[in-house]
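Comments concern the structure below.
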2 protein chains.
Amino acid sequence: MDKVPILNLYDYLLVSIQTDIHDLIIQALQEDILTAIRKTHARGVLIDISTLDIVDSFMARTLRDTALMARLLGAYVVITGIQPAVAITLVDLGLNPEHLYTATDVNAGFELLHDLIADEDSRMYEEVPGYENQQD
Amino acid sequence: MDKVPILNLYDYLLVSIQTDIHDLIIQALQEDILTAIRKTHARGVLIDISTLDIVDSFMARTLRDTALMARLLGAYVVITGIQPAVAITLVDLGLNPEHLYTATDVNAGFELLHDLIADEDSRMYEEVPGYENQQD
(Lines give C-alpha, C1' and ligand atoms only; values in the text may rest on other atoms or scores of the structure.)
Protein backbone atom coordinates (compact mmCIF):
# COMPACT_ATOMS: atom_id res chain seq x y z
CA MET A 1 0.00 0.00 0.00
CA ASP A 2 1.06 3.56 -0.61
CA LYS A 3 2.58 5.34 2.35
CA VAL A 4 2.93 9.05 2.83
CA PRO A 5 6.49 9.89 3.91
CA ILE A 6 6.91 11.66 7.26
CA LEU A 7 10.21 13.52 7.33
CA ASN A 8 11.90 14.33 10.60
CA LEU A 9 13.36 17.79 10.07
CA TYR A 10 15.20 19.06 13.13
CA ASP A 11 12.51 19.51 15.84
CA TYR A 12 9.61 19.16 13.44
CA LEU A 13 7.84 16.58 11.33
CA LEU A 14 7.11 17.40 7.73
CA VAL A 15 4.46 15.65 5.67
CA SER A 16 3.64 16.51 2.08
CA ILE A 17 0.52 14.94 0.69
CA GLN A 18 0.28 13.87 -2.92
CA THR A 19 -2.85 14.18 -5.00
CA ASP A 20 -5.41 11.39 -5.24
CA ILE A 21 -4.84 9.99 -1.79
CA HIS A 22 -7.11 7.11 -0.74
CA ASP A 23 -9.10 7.14 2.50
CA LEU A 24 -7.12 4.14 3.76
CA ILE A 25 -3.81 5.93 3.22
CA ILE A 26 -5.04 9.07 4.97
CA GLN A 27 -6.18 6.95 7.91
CA ALA A 28 -2.81 5.18 8.06
CA LEU A 29 -1.11 8.57 7.82
CA GLN A 30 -2.99 9.81 10.88
CA GLU A 31 -1.68 6.86 12.90
CA ASP A 32 1.82 7.24 11.47
CA ILE A 33 1.94 10.93 12.39
CA LEU A 34 0.86 10.25 15.98
CA THR A 35 3.37 7.40 16.29
CA ALA A 36 6.11 9.64 14.88
CA ILE A 37 5.28 12.40 17.39
CA ARG A 38 5.61 9.91 20.25
CA LYS A 39 8.85 8.50 18.86
CA THR A 40 10.63 11.74 17.99
CA HIS A 41 9.08 13.98 20.69
CA ALA A 42 8.39 16.46 17.91
CA ARG A 43 6.42 19.48 19.06
CA GLY A 44 5.40 20.64 15.61
CA VAL A 45 3.99 18.91 12.56
CA LEU A 46 3.71 20.62 9.20
CA ILE A 47 1.34 19.09 6.66
CA ASP A 48 1.64 20.56 3.17
CA ILE A 49 -1.36 20.01 0.90
CA SER A 50 -0.38 22.40 -1.91
CA THR A 51 -0.73 19.68 -4.56
CA LEU A 52 -4.30 18.87 -3.47
CA ASP A 53 -6.84 20.41 -5.85
CA ILE A 54 -9.76 19.02 -3.93
CA VAL A 55 -10.64 17.59 -0.50
CA ASP A 56 -13.59 15.47 0.55
CA SER A 57 -15.30 15.43 3.93
CA PHE A 58 -13.31 12.41 5.10
CA MET A 59 -9.99 14.09 4.36
CA ALA A 60 -11.14 17.35 6.01
CA ARG A 61 -12.29 15.54 9.15
CA THR A 62 -9.12 13.45 9.32
CA LEU A 63 -6.92 16.53 9.04
CA ARG A 64 -8.83 18.29 11.81
CA ASP A 65 -8.86 15.19 14.03
CA THR A 66 -5.13 14.66 13.51
CA ALA A 67 -4.50 18.22 14.68
CA LEU A 68 -6.62 17.68 17.80
CA MET A 69 -4.98 14.32 18.57
CA ALA A 70 -1.51 15.77 18.07
CA ARG A 71 -2.35 18.47 20.63
CA LEU A 72 -3.04 15.71 23.16
CA LEU A 73 0.47 14.41 22.51
CA GLY A 74 1.91 17.90 22.94
CA ALA A 75 2.45 18.80 19.28
CA TYR A 76 1.01 21.56 17.11
CA VAL A 77 -0.16 20.84 13.56
CA VAL A 78 0.04 23.50 10.87
CA ILE A 79 -1.51 22.94 7.44
CA THR A 80 0.18 24.78 4.57
CA GLY A 81 -0.52 25.38 0.89
CA ILE A 82 -4.31 25.32 0.99
CA GLN A 83 -5.58 26.15 -2.50
CA PRO A 84 -8.61 28.46 -2.94
CA ALA A 85 -10.88 25.59 -4.05
CA VAL A 86 -9.80 23.56 -1.03
CA ALA A 87 -10.47 26.50 1.32
CA ILE A 88 -13.98 26.82 -0.15
CA THR A 89 -14.65 23.12 0.38
CA LEU A 90 -13.30 23.15 3.92
CA VAL A 91 -15.61 25.97 4.95
CA ASP A 92 -18.56 24.47 3.01
CA LEU A 93 -17.98 21.23 4.90
CA GLY A 94 -18.42 23.14 8.13
CA LEU A 95 -14.82 23.08 9.27
CA ASN A 96 -14.20 25.86 11.75
CA PRO A 97 -10.93 27.52 10.67
CA GLU A 98 -10.24 28.40 14.29
CA HIS A 99 -9.61 24.73 14.95
CA LEU A 100 -6.79 24.59 12.43
CA TYR A 101 -3.49 26.44 12.23
CA THR A 102 -2.69 27.27 8.63
CA ALA A 103 -0.01 29.13 6.69
CA THR A 104 0.61 30.04 3.05
CA ASP A 105 3.74 28.01 2.46
CA VAL A 106 6.23 25.76 4.21
CA ASN A 107 8.52 28.59 5.35
CA ALA A 108 5.61 30.52 6.88
CA GLY A 109 4.38 27.27 8.41
CA PHE A 110 7.67 26.60 10.18
CA GLU A 111 7.71 30.17 11.47
CA LEU A 112 4.18 29.73 12.82
CA LEU A 113 5.16 26.46 14.52
CA HIS A 114 8.19 28.17 16.03
CA ASP A 115 6.00 30.99 17.37
CA LEU A 116 3.35 28.60 18.73
CA ILE A 117 5.95 26.58 20.60
CA ALA A 118 7.77 29.66 21.94
CA ASP A 119 4.42 31.00 23.08
CA GLU A 120 3.56 27.75 24.84
CA ASP A 121 6.96 27.69 26.53
CA SER A 122 6.55 31.23 27.85
CA ARG A 123 3.06 30.39 29.15
CA MET A 124 4.45 27.34 30.91
CA TYR A 125 6.88 29.51 32.84
CA GLU A 126 4.14 31.95 33.80
CA GLU A 127 2.10 29.13 35.26
CA VAL A 128 4.81 28.05 37.66
CA PRO A 129 3.67 29.61 40.96
CA GLY A 130 6.13 32.06 42.45
CA TYR A 131 8.34 31.83 39.38
CA GLU A 132 8.64 35.61 39.07
CA ASN A 133 9.55 35.95 42.72
CA GLN A 134 12.37 33.46 42.29
CA GLN A 135 13.89 35.77 39.71
CA ASP A 136 14.59 38.44 42.37
CA MET B 1 -2.64 12.70 -12.65
CA ASP B 2 -0.75 12.39 -9.41
CA LYS B 3 1.84 15.04 -8.77
CA VAL B 4 4.77 14.85 -6.39
CA PRO B 5 4.92 18.01 -4.26
CA ILE B 6 8.08 20.09 -4.46
CA LEU B 7 8.45 22.18 -1.31
CA ASN B 8 10.47 25.37 -1.33
CA LEU B 9 12.23 25.37 2.02
CA TYR B 10 14.42 28.43 2.49
CA ASP B 11 17.23 28.12 -0.10
CA TYR B 12 16.44 24.52 -0.95
CA LEU B 13 13.85 22.40 -2.67
CA LEU B 14 12.53 19.36 -0.86
CA VAL B 15 10.85 16.45 -2.60
CA SER B 16 9.59 13.35 -0.83
CA ILE B 17 8.58 10.50 -3.05
CA GLN B 18 5.72 8.21 -2.15
CA THR B 19 5.68 4.49 -2.83
CA ASP B 20 4.30 3.04 -6.04
CA ILE B 21 5.14 5.95 -8.25
CA HIS B 22 4.39 5.58 -11.96
CA ASP B 23 6.95 6.21 -14.69
CA LEU B 24 4.89 9.10 -16.04
CA ILE B 25 4.83 10.80 -12.65
CA ILE B 26 8.57 10.38 -12.20
CA GLN B 27 9.14 11.88 -15.64
CA ALA B 28 6.85 14.82 -14.83
CA LEU B 29 8.66 15.22 -11.51
CA GLN B 30 12.01 15.55 -13.31
CA GLU B 31 10.64 18.42 -15.37
CA ASP B 32 8.95 20.00 -12.35
CA ILE B 33 12.19 19.91 -10.35
CA LEU B 34 14.16 21.56 -13.16
CA THR B 35 11.46 24.21 -13.61
CA ALA B 36 11.40 24.85 -9.85
CA ILE B 37 15.19 25.28 -9.78
CA ARG B 38 14.97 27.90 -12.53
CA LYS B 39 12.08 29.66 -10.84
CA THR B 40 13.39 29.74 -7.27
CA HIS B 41 17.14 29.88 -8.04
CA ALA B 42 17.52 27.06 -5.53
CA ARG B 43 21.05 25.73 -5.33
CA GLY B 44 20.17 22.52 -3.55
CA VAL B 45 17.51 19.86 -4.05
CA LEU B 46 16.85 17.14 -1.52
CA ILE B 47 14.95 14.07 -2.72
CA ASP B 48 13.86 11.73 0.06
CA ILE B 49 13.05 8.18 -1.02
CA SER B 50 12.82 6.59 2.44
CA THR B 51 9.34 5.18 1.75
CA LEU B 52 10.51 3.45 -1.43
CA ASP B 53 11.03 -0.27 -0.84
CA ILE B 54 12.07 -0.89 -4.41
CA VAL B 55 13.35 0.97 -7.47
CA ASP B 56 13.36 -0.08 -11.10
CA SER B 57 15.89 0.86 -13.76
CA PHE B 58 13.73 3.70 -15.06
CA MET B 59 13.48 5.31 -11.64
CA ALA B 60 17.22 4.85 -11.03
CA ARG B 61 18.12 6.40 -14.38
CA THR B 62 15.69 9.28 -13.91
CA LEU B 63 17.10 10.08 -10.45
CA ARG B 64 20.66 10.10 -11.80
CA ASP B 65 19.70 12.15 -14.87
CA THR B 66 17.83 14.66 -12.74
CA ALA B 67 20.96 15.14 -10.61
CA LEU B 68 23.08 15.71 -13.74
CA MET B 69 20.55 18.10 -15.27
CA ALA B 70 20.23 20.03 -12.01
CA ARG B 71 24.01 20.51 -11.99
CA LEU B 72 23.70 22.21 -15.39
CA LEU B 73 21.25 24.63 -13.80
CA GLY B 74 23.63 25.23 -10.90
CA ALA B 75 21.95 23.09 -8.24
CA TYR B 76 23.13 20.06 -6.32
CA VAL B 77 20.84 17.06 -5.78
CA VAL B 78 21.13 14.91 -2.66
CA ILE B 79 19.15 11.68 -2.33
CA THR B 80 18.26 10.69 1.24
CA GLY B 81 16.72 7.68 2.95
CA ILE B 82 17.95 4.96 0.59
CA GLN B 83 16.87 1.61 2.02
CA PRO B 84 19.27 -1.37 1.89
CA ALA B 85 17.21 -3.17 -0.77
CA VAL B 86 17.18 -0.01 -2.87
CA ALA B 87 20.94 0.41 -2.51
CA ILE B 88 21.42 -3.19 -3.70
CA THR B 89 19.22 -2.58 -6.73
CA LEU B 90 20.92 0.71 -7.60
CA VAL B 91 24.36 -0.93 -7.67
CA ASP B 92 23.02 -4.02 -9.46
CA LEU B 93 21.58 -1.72 -12.11
CA GLY B 94 25.05 -0.36 -12.68
CA LEU B 95 24.55 3.05 -11.11
CA ASN B 96 27.87 4.55 -10.14
CA PRO B 97 27.43 5.88 -6.58
CA GLU B 98 30.02 8.55 -7.35
CA HIS B 99 27.51 10.22 -9.61
CA LEU B 100 25.01 10.67 -6.80
CA TYR B 101 25.23 12.59 -3.55
CA THR B 102 23.44 10.68 -0.82
CA ALA B 103 22.79 11.02 2.93
CA THR B 104 21.08 8.93 5.60
CA ASP B 105 18.24 11.29 6.46
CA VAL B 106 16.85 14.70 5.68
CA ASN B 107 18.90 16.54 8.30
CA ALA B 108 22.15 14.98 7.10
CA GLY B 109 21.06 15.72 3.54
CA PHE B 110 20.59 19.43 4.23
CA GLU B 111 23.99 19.55 5.93
CA LEU B 112 25.57 17.91 2.90
CA LEU B 113 23.87 20.42 0.57
CA HIS B 114 25.08 23.26 2.77
CA ASP B 115 28.66 21.93 2.62
CA LEU B 116 28.55 21.35 -1.14
CA ILE B 117 27.34 24.89 -1.78
CA ALA B 118 29.83 26.45 0.65
CA ASP B 119 32.58 24.43 -1.03
CA GLU B 120 31.50 25.61 -4.47
CA ASP B 121 31.40 29.23 -3.29
CA SER B 122 34.93 29.04 -1.90
CA ARG B 123 36.18 27.46 -5.15
CA MET B 124 34.53 30.25 -7.13
CA TYR B 125 36.52 32.85 -5.22
CA GLU B 126 39.77 30.93 -5.75
CA GLU B 127 39.17 30.89 -9.49
CA VAL B 128 38.93 34.65 -9.79
CA PRO B 129 42.39 35.65 -11.13
CA GLY B 130 44.31 37.98 -8.89
CA TYR B 131 41.67 37.71 -6.20
CA GLU B 132 44.23 37.00 -3.50
CA ASN B 133 46.31 39.99 -4.55
CA GLN B 134 43.33 42.27 -4.26
CA GLN B 135 43.12 41.30 -0.61
CA ASP B 136 46.44 43.04 0.14
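Just so we're on the same page: first chain in the C-alpha coordinates is A, next is B, and so on; residues restart at 1 for each chain, and ligands are numbered from 1 in the order they show up.
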**OP:** Starting from chain B, keep only residues with some atom at most 8 Å from an atom of chain A, counting only C-alpha atoms, and report them as JSON, numbers by chain.
**Re:** {"B": [1, 2, 3, 4, 5, 7, 8, 9, 10, 16, 17, 18, 19, 20, 50, 51, 106, 107]}
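With CA of Tyr76 in chain A on one side and CA of Arg38 in chain A on the other, the separation reads 12.9 Å.
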For range 9-87 of chain B versus range 93-97 of chain B, which residues have an atom no more than 8 Å away, and what is each residue's nearest atom pair and distance in Å rounded to one decimal, using only C-alpha atoms, chain-then-number order, as JSON lines?
```
{"residue": "B:Ser57", "atom": "CA", "partner": "B:Leu93", "partner_atom": "CA", "distance": 6.5}
{"residue": "B:Ala60", "atom": "CA", "partner": "B:Leu95", "partner_atom": "CA", "distance": 7.5}
{"residue": "B:Arg61", "atom": "CA", "partner": "B:Leu95", "partner_atom": "CA", "distance": 7.9}
```
**OP:** Would you mind reading off the distance between CA of Leu13 in chain A and CA of Leu113 in chain A, one decimal, in Å?
**Re:**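 According to the coordinates, CA of Leu13 in chain A and CA of Leu113 in chain A are separated by 10.7 Å.
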Original post:
So which residues of chain A fall under strand (DSSP E or B) by DSSP, listed as an MDAnalysis selection string?
Top reply: chainID A and resid 6:9 12:16 44:48 76:80 101:103
Subject >> Interatomic distance, CA of Phe58 in chain A to CA of His22 in chain A (Å, one decimal) >> reply: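 It comes out at 10.0 Å.
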Subject >> Residue with smallest distance to Asp23 in chain B - pool B:Ala36, B:Val55, B:Val45, B:Leu72, counting only C-alpha atoms >> reply: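 Nearest to Asp23 in chain B: B:Val55.
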**OP:** Can you pull out every residue within 12 Å of Thr62 in chain A, counting only C-alpha atoms, but drop anything in the same chain fewer than 6 positions away, and send it as number ranges by chain?
**Re:** A: 23-31, 33, 55-56, 68-70, 90, 95, 100
**OP:** Just the residues within 6 Å of Thr102 in chain B, please, counting only C-alpha atoms, with nothing from its chain fewer than 2 positions along; format it as a VMD selection string.
**Re:** chain B and resid 78 to 80
Subject >> Exercise: Ile54 in chain A partners within 8 Å, only C-alpha atoms, chain neighbours under 5 positions left out, as a list in words >> reply: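 The residues that qualify are Ala85, Val86 and Thr89 of chain A.
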Please, could you write that set of residues out with all heavy atoms as an mmCIF file, in the first residue's frame?
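Written output follows (again_1.cif):
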```cif
data_model
loop_
_atom_site.group_PDB
_atom_site.id
_atom_site.type_symbol
_atom_site.label_atom_id
_atom_site.label_comp_id
_atom_site.auth_asym_id
_atom_site.auth_seq_id
_atom_site.Cartn_x
_atom_site.Cartn_y
_atom_site.Cartn_z
ATOM 1 N N ALA A 85 -9.768 26.545 -3.937
ATOM 2 C CA ALA A 85 -10.880 25.590 -4.050
ATOM 3 C C ALA A 85 -10.983 24.720 -2.798
ATOM 4 O O ALA A 85 -12.073 24.367 -2.355
ATOM 5 C CB ALA A 85 -10.688 24.720 -5.279
ATOM 6 N N VAL A 86 -9.816 24.395 -2.234
ATOM 7 C CA VAL A 86 -9.799 23.565 -1.025
ATOM 8 C C VAL A 86 -10.344 24.362 0.156
ATOM 9 O O VAL A 86 -11.120 23.833 0.971
ATOM 10 C CB VAL A 86 -8.368 23.051 -0.754
ATOM 11 C CG1 VAL A 86 -8.283 22.372 0.603
ATOM 12 C CG2 VAL A 86 -7.927 22.099 -1.849
ATOM 13 N N THR A 89 -14.077 24.398 -0.049
ATOM 14 C CA THR A 89 -14.653 23.122 0.377
ATOM 15 C C THR A 89 -14.589 22.968 1.887
ATOM 16 O O THR A 89 -15.545 22.525 2.519
ATOM 17 C CB THR A 89 -13.898 21.949 -0.283
ATOM 18 O OG1 THR A 89 -13.670 22.260 -1.655
ATOM 19 C CG2 THR A 89 -14.683 20.665 -0.173
#
```
**OP:** Report the residues of range 3-107 of chain B whose backbone DSSP state falls under helix (DSSP H, G or I), written as a PyMOL selection string.
**Re:** chain B and resi 23-40+57-72+84-92+97-99+106-107
Original post:
Hey, which of B:Gln83, B:Arg64, B:Arg71, B:Arg43 ends up closest to Asp121 in chain B? Count only C-alpha atoms.
Top reply: B:Arg43
